[in-house]
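Colleague: This is input-v7.txt, which holds compact mmCIF, C-alpha atoms and all ligand atoms:
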# COMPACT_ATOMS: atom_id res chain seq x y z
CA MET Z 51 40.52 35.74 -73.75
CA SER Z 52 37.96 36.93 -71.24
CA ASP Z 53 34.36 35.84 -71.52
CA THR Z 54 33.11 39.36 -72.16
CA SER Z 55 32.63 40.28 -75.79
CA GLU Z 56 34.61 43.48 -75.27
CA TYR Z 57 38.07 43.32 -76.78
CA GLU Z 58 40.89 44.05 -74.36
CA THR Z 59 44.09 45.53 -75.73
CA TRP Z 60 47.51 44.18 -74.80
CA ILE Z 61 48.25 47.49 -73.03
CA SER Z 62 45.15 47.58 -70.87
CA ASN Z 63 45.57 43.90 -70.02
CA PHE Z 64 49.23 44.44 -69.07
CA CYS Z 65 48.41 47.43 -66.86
CA SER Z 66 45.64 45.54 -65.09
CA LEU Z 67 47.84 42.59 -64.10
CA TYR Z 68 48.60 42.03 -60.40
CA GLY Z 69 51.35 44.41 -59.25
CA HIS Z 70 51.21 46.51 -62.43
CA ASP Z 71 49.11 49.31 -60.98
CA TYR Z 72 52.05 51.78 -60.95
CA TYR Z 73 51.95 51.78 -64.77
CA VAL Z 74 49.70 54.09 -66.76
CA GLU Z 75 48.30 53.09 -70.12
CA VAL Z 76 50.47 54.59 -72.83
CA ALA Z 77 48.41 56.08 -75.67
CA PRO Z 78 48.81 53.93 -78.82
CA GLU Z 79 49.38 57.10 -80.90
CA PHE Z 80 52.49 57.77 -78.83
CA ILE Z 81 53.85 54.30 -79.61
CA GLU Z 82 52.95 54.53 -83.28
CA ASP Z 83 55.12 57.63 -83.64
CA GLU Z 84 58.57 56.22 -84.54
CA PHE Z 85 60.25 59.34 -83.21
CA ASN Z 86 59.24 58.39 -79.65
CA LEU Z 87 60.93 55.01 -80.00
CA THR Z 88 64.34 56.26 -81.14
CA GLY Z 89 67.15 53.99 -79.96
CA LEU Z 90 64.95 51.27 -78.48
CA SER Z 91 65.34 48.78 -81.34
CA SER Z 92 68.98 48.24 -80.38
CA ILE Z 93 68.15 47.48 -76.72
CA VAL Z 94 65.12 45.23 -77.09
CA PRO Z 95 65.44 41.75 -78.66
CA PHE Z 96 62.60 40.78 -81.03
CA TYR Z 97 61.88 44.50 -81.27
CA ARG Z 98 59.53 44.43 -84.27
CA GLU Z 99 57.58 41.42 -82.98
CA ALA Z 100 57.34 42.97 -79.49
CA LEU Z 101 56.07 46.22 -80.94
CA ASP Z 102 53.42 44.39 -82.99
CA LEU Z 103 52.31 42.56 -79.86
CA ILE Z 104 51.98 45.77 -77.81
CA LEU Z 105 49.94 47.41 -80.57
CA ASP Z 106 47.76 44.30 -81.10
CA PHE Z 107 48.89 43.84 -84.70
CA GLU Z 108 48.70 40.38 -86.21
CA PRO Z 109 52.12 38.72 -85.85
CA GLU Z 110 54.12 38.10 -88.99
CA ALA Z 111 53.56 34.63 -90.42
CA ASN Z 112 57.15 33.56 -89.80
CA VAL Z 113 57.06 33.98 -86.00
CA LYS Z 114 58.03 30.69 -84.36
CA ILE Z 115 55.78 29.38 -81.57
CA SER Z 116 58.89 28.63 -79.50
CA ASP Z 117 59.84 32.31 -79.65
CA LEU Z 118 56.53 33.52 -78.21
CA PRO Z 119 57.61 33.57 -74.53
CA LEU Z 120 60.71 35.57 -75.52
CA ILE Z 121 58.60 37.99 -77.54
CA GLN Z 122 56.24 38.45 -74.59
CA HIS Z 123 59.23 39.20 -72.37
CA SER Z 124 60.60 41.67 -74.92
CA ALA Z 125 57.20 43.35 -75.17
CA GLU Z 126 57.21 43.94 -71.41
CA LEU Z 127 60.71 45.44 -71.58
CA LEU Z 128 59.78 47.57 -74.58
CA TYR Z 129 56.58 48.77 -72.95
CA GLY Z 130 58.46 49.75 -69.80
CA LEU Z 131 61.03 51.75 -71.75
CA ILE Z 132 58.32 53.50 -73.77
CA HIS Z 133 56.44 54.11 -70.51
CA SER Z 134 59.39 56.02 -69.01
CA ARG Z 135 59.33 58.33 -72.05
CA TYR Z 136 55.56 58.68 -72.07
CA ILE Z 137 55.22 59.74 -68.42
CA ILE Z 138 57.27 62.87 -69.08
CA THR Z 139 54.87 64.04 -71.81
CA LYS Z 140 51.92 66.23 -70.92
CA GLN Z 141 49.45 63.41 -71.41
CA GLY Z 142 51.57 60.97 -69.42
CA LEU Z 143 52.16 63.43 -66.58
CA ASN Z 144 48.41 63.98 -66.29
CA ALA Z 145 47.78 60.25 -66.17
CA MET Z 146 50.41 59.82 -63.46
CA SER Z 147 48.99 62.80 -61.58
CA GLU Z 148 45.60 61.10 -61.41
CA LYS Z 149 47.20 58.08 -59.78
CA TYR Z 150 49.28 60.29 -57.51
CA GLN Z 151 46.24 62.23 -56.28
CA LYS Z 152 44.58 58.97 -55.33
CA GLY Z 153 47.70 57.96 -53.41
CA GLN Z 154 48.18 54.85 -55.55
CA PHE Z 155 51.96 54.90 -55.10
CA GLY Z 156 51.72 54.86 -51.31
CA GLN Z 157 52.69 57.24 -48.56
CA CYS Z 158 56.00 58.19 -46.95
CA PRO Z 159 56.66 56.02 -43.91
CA ARG Z 160 58.53 58.87 -42.17
CA TYR Z 161 56.41 60.05 -39.25
CA TYR Z 162 56.99 63.76 -39.76
CA CYS Z 163 56.15 63.58 -43.48
CA ASN Z 164 52.57 63.25 -42.39
CA GLY Z 165 51.52 60.69 -45.00
CA CYS Z 166 53.03 62.60 -47.92
CA LYS Z 167 52.27 60.78 -51.17
CA LEU Z 168 55.15 59.08 -52.97
CA LEU Z 169 56.21 59.03 -56.61
CA PRO Z 170 57.67 55.99 -58.40
CA THR Z 171 61.19 56.66 -59.61
CA GLY Z 172 64.28 54.95 -60.91
CA ARG Z 173 67.88 55.72 -60.02
CA TYR Z 174 69.00 54.54 -63.47
CA ASP Z 175 67.63 54.91 -66.97
CA SER Z 176 69.09 51.64 -68.24
CA PRO Z 177 67.04 48.53 -67.53
CA GLY Z 178 68.36 45.74 -65.34
CA MET Z 179 70.17 47.96 -62.82
CA GLU Z 180 67.69 48.34 -59.96
CA THR Z 181 63.99 47.91 -59.27
CA VAL Z 182 61.58 50.80 -58.81
CA ARG Z 183 61.95 53.07 -55.78
CA LEU Z 184 59.49 55.57 -54.31
CA PHE Z 185 60.46 59.20 -53.88
CA CYS Z 186 59.04 61.41 -51.14
CA PRO Z 187 58.71 65.06 -52.25
CA ASN Z 188 58.75 66.13 -48.62
CA CYS Z 189 61.91 64.54 -47.18
CA PHE Z 190 63.53 63.91 -50.62
CA ASP Z 191 64.31 60.36 -49.62
CA LEU Z 192 63.82 57.09 -51.47
CA TYR Z 193 61.88 54.13 -50.17
CA LEU Z 194 61.26 50.57 -51.25
CA PRO Z 195 57.64 49.75 -52.12
CA ASN Z 196 56.06 48.11 -49.09
CA SER Z 197 54.68 45.20 -51.07
CA SER Z 198 56.81 42.55 -52.75
CA ARG Z 199 54.51 42.67 -55.77
CA TYR Z 200 56.37 45.77 -56.97
CA LEU Z 201 59.84 44.42 -56.38
CA ASN Z 202 60.31 43.07 -59.89
CA ILE Z 203 59.40 46.32 -61.65
CA ASP Z 204 62.46 47.86 -63.24
CA GLY Z 205 63.27 51.39 -62.04
CA ALA Z 206 64.14 52.36 -65.62
CA PHE Z 207 60.45 52.01 -66.52
CA PHE Z 208 59.89 55.20 -64.49
CA GLY Z 209 63.35 56.65 -64.93
CA THR Z 210 65.41 59.39 -63.37
CA THR Z 211 63.64 62.36 -64.98
CA PHE Z 212 60.01 61.76 -64.15
CA SER Z 213 59.86 62.77 -60.46
CA GLY Z 214 61.66 66.08 -60.97
CA PHE Z 215 59.53 66.84 -64.00
CA PHE Z 216 56.37 65.97 -62.12
CA LEU Z 217 57.22 68.26 -59.21
CA LYS Z 218 58.06 71.10 -61.58
CA MET Z 219 54.83 70.64 -63.50
CA PHE Z 220 52.50 70.31 -60.53
CA ASP Z 221 53.29 72.79 -57.84
CA LEU Z 222 52.91 70.54 -54.83
CA ASP Z 223 52.94 71.80 -51.26
CA LYS Z 224 56.32 73.10 -50.25
CA PRO Z 225 58.34 70.58 -48.28
CA ASN Z 226 58.02 70.85 -44.56
CA LEU Z 227 61.21 69.64 -42.97
CA LYS Z 228 61.06 71.77 -39.86
CA LYS Z 229 59.95 68.91 -37.72
CA GLN Z 230 62.60 66.33 -37.03
CA PHE Z 231 62.61 63.74 -34.38
CA GLU Z 232 65.20 64.31 -31.68
CA LEU Z 233 66.22 61.83 -29.05
CA LYS Z 234 65.91 63.07 -25.50
CA ILE Z 235 67.18 61.61 -22.26
CA PHE Z 236 65.18 62.62 -19.19
CA GLY Z 237 63.86 65.53 -21.24
CA PHE Z 238 67.30 66.80 -22.25
CA LYS Z 239 68.36 66.97 -25.89
CA VAL Z 240 71.20 64.60 -26.72
CA ASN Z 241 74.39 66.41 -27.71
CA GLU Z 242 75.00 66.20 -31.46
CA VAL Z 243 78.52 64.85 -30.90
CA SER Z 244 77.25 61.93 -28.83
CA ASN Z 245 77.02 58.47 -30.44
CA VAL Z 246 73.24 58.76 -30.53
CA GLY Z 247 73.26 62.47 -31.41
CA GLN Z 248 72.00 63.81 -34.74
CA ARG Z 249 75.36 64.54 -36.28
CA MET Z 250 73.99 64.35 -39.79
CA LYS Z 251 70.94 66.47 -39.10
CA TRP Z 252 72.02 68.99 -41.76
CA LEU Z 253 71.42 66.33 -44.41
CA ARG Z 254 67.73 66.91 -44.05
CA SER Z 255 67.87 70.71 -43.86
CA LEU Z 256 67.38 73.05 -46.78
CA PRO Z 257 69.00 76.43 -47.43
CA LYS Z 258 66.66 79.27 -46.52
CA THR Z 259 68.50 82.56 -46.91
CA GLU Z 260 70.38 83.74 -49.99
CA GLU Z 261 73.65 83.32 -48.11
CA GLU Z 262 72.83 79.72 -47.29
CA PHE Z 263 71.94 79.09 -50.94
CA LYS Z 264 75.32 80.45 -52.01
CA GLU Z 265 77.05 78.21 -49.51
CA TYR Z 266 75.02 75.28 -50.74
CA GLU Z 267 76.01 76.01 -54.36
CA GLN Z 268 79.66 75.70 -53.41
CA ILE Z 269 79.22 72.18 -52.10
CA ASP Z 270 80.45 69.66 -54.61
ZN ZN B 301 59.07 61.68 -46.54
Could you render the structure as structure tokens?
Ligand SMILES: [Zn+2]
Modeller:
Amino acid sequence: MSDTSEYETWISNFCSLYGHDYYVEVAPEFIEDEFNLTGLSSIVPFYREALDLILDFEPEANVKISDLPLIQHSAELLYGLIHSRYIITKQGLNAMSEKYQKGQFGQCPRYYCNGCKLLPTGRYDSPGMETVRLFCPNCFDLYLPNSSRYLNIDGAFFGTTFSGFFLKMFDLDKPNLKKQFELKIFGFKVNEVSNVGQRMKWLRSLPKTEEEFKEYEQID
């Protein structure tokens, strides 16, 4: 325990740990509502004990000391999975937006994205598949966090839905993909068919006219 007399909850302690600054603090009321936890008891070992730990309830008398590290591990998994559900609620989106506005998730390394702020995202909703990635709302690409401290955070703790939801909720600046870097040789553009040409340039372009949208719809 810290030397201050103020009591620190498990949640605020967890979120303040080194490398945990992508997480927002989930409101205890959200966790106390069983409906929000549907299905998690079958994924998380020591579910009940982990839940008690997260909510700072006294552990049951029959908890074995030797199980404590496992329960702590389960609590982290459970918190992450609850977190991915919480950040798509109004309250959670607002909390994430505060972090986003401050640029706490970093900036897009792509030169022409002009320091666009990134959003943490997962490519899978099941834990253990892949660590967290950062999504750029300007170039729609994914990046790895630039510090290794984030490389053990599970992508499922942010999930596949959050970024899209966030962008829908907060009308961010429209993407600006007009500017793309083009190689030139002695001032001449390199032909697209050349080995160093931009043959896949269309991957970064967006449909603009209704006709182009229709064409885009037909792509599988
Ligand atoms: Zn970008």
Colleague: Would you mind listing the residues within 7 Å of ligand ZN 301 (chain B), counting all atoms listed in the file, as a list in words?
Modeller: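 So, counting all atoms listed in the file, the residues near ligand ZN 301 (chain B) are Cys158, Pro159, Arg160, Cys163, Cys166, Cys186, Pro187, Asn188, Cys189, Phe190 and Asp191 of chain Z.
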Colleague: Compile the contact shell of region 131-140 of chain Z as a ChimeraX atom specification: residues with an atom at most 10 Å away, counting all atoms listed in the file, same-chain residues fewer than 5 positions apart removed.
Modeller: /Z:73-77,80-81,86-88,90,93-94,125-126,145-147,171-172,175-177,204-216,219
Colleague: To box region 121-135 of chain Z, take all atoms listed in the file, fit an axis-aligned box, add 6 Å on each side, and give centre and edge lengths in Å to one decimal, as AutoDock Vina command-line options.
Modeller:
--center_x 58.6 --center_y 48.2 --center_z -73.3 --size_x 16.8 --size_y 32.3 --size_z 20.5
Colleague: Using Å and a single decimal, report how far CA of Phe64 (chain Z) sits from CA of Ala100 (chain Z).
Modeller: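 These atoms are spaced 13.3 Å apart.
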Colleague: Please report the interatomic distance between CA of Asn202 (chain Z) and CA of Lys152 (chain Z) in Å with one decimal.
Modeller: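 It comes out at 22.8 Å.
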Colleague: So how many Å separate CA of Val182 (chain Z) and CA of Leu201 (chain Z), to one decimal?
Modeller: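 Between CA of Val182 (chain Z) and CA of Leu201 (chain Z) the gap works out to 7.0 Å.
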Colleague: Give me the residues within 10 Å of region 116-124 of chain Z as a ChimeraX atom specification, counting all atoms listed in the file and dropping any in the same chain fewer than 2 places off.
Modeller: /Z:93-104,113-114,126-130
Colleague: Residues around (57.5, 48.1, -51.6), cut-off 12 Å, counting all atoms listed in the file - what are they as an mmCIF file with C-alpha atoms, in the coordinates of the input?
Modeller:
data_model
loop_
_atom_site.group_PDB
_atom_site.id
_atom_site.type_symbol
_atom_site.label_atom_id
_atom_site.label_comp_id
_atom_site.auth_asym_id
_atom_site.auth_seq_id
_atom_site.Cartn_x
_atom_site.Cartn_y
_atom_site.Cartn_z
ATOM 1 C CA GLY Z 69 51.350 44.410 -59.250
ATOM 2 C CA TYR Z 72 52.050 51.780 -60.950
ATOM 3 C CA PHE Z 155 51.960 54.900 -55.100
ATOM 4 C CA GLY Z 156 51.720 54.860 -51.310
ATOM 5 C CA GLN Z 157 52.690 57.240 -48.560
ATOM 6 C CA CYS Z 158 56.000 58.190 -46.950
ATOM 7 C CA PRO Z 159 56.660 56.020 -43.910
ATOM 8 C CA LEU Z 168 55.150 59.080 -52.970
ATOM 9 C CA PRO Z 170 57.670 55.990 -58.400
ATOM 10 C CA THR Z 181 63.990 47.910 -59.270
ATOM 11 C CA VAL Z 182 61.580 50.800 -58.810
ATOM 12 C CA ARG Z 183 61.950 53.070 -55.780
ATOM 13 C CA LEU Z 184 59.490 55.570 -54.310
ATOM 14 C CA PHE Z 185 60.460 59.200 -53.880
ATOM 15 C CA LEU Z 192 63.820 57.090 -51.470
ATOM 16 C CA TYR Z 193 61.880 54.130 -50.170
ATOM 17 C CA LEU Z 194 61.260 50.570 -51.250
ATOM 18 C CA PRO Z 195 57.640 49.750 -52.120
ATOM 19 C CA ASN Z 196 56.060 48.110 -49.090
ATOM 20 C CA SER Z 197 54.680 45.200 -51.070
ATOM 21 C CA SER Z 198 56.810 42.550 -52.750
ATOM 22 C CA ARG Z 199 54.510 42.670 -55.770
ATOM 23 C CA TYR Z 200 56.370 45.770 -56.970
ATOM 24 C CA LEU Z 201 59.840 44.420 -56.380
ATOM 25 C CA ASN Z 202 60.310 43.070 -59.890
ATOM 26 C CA ILE Z 203 59.400 46.320 -61.650
#
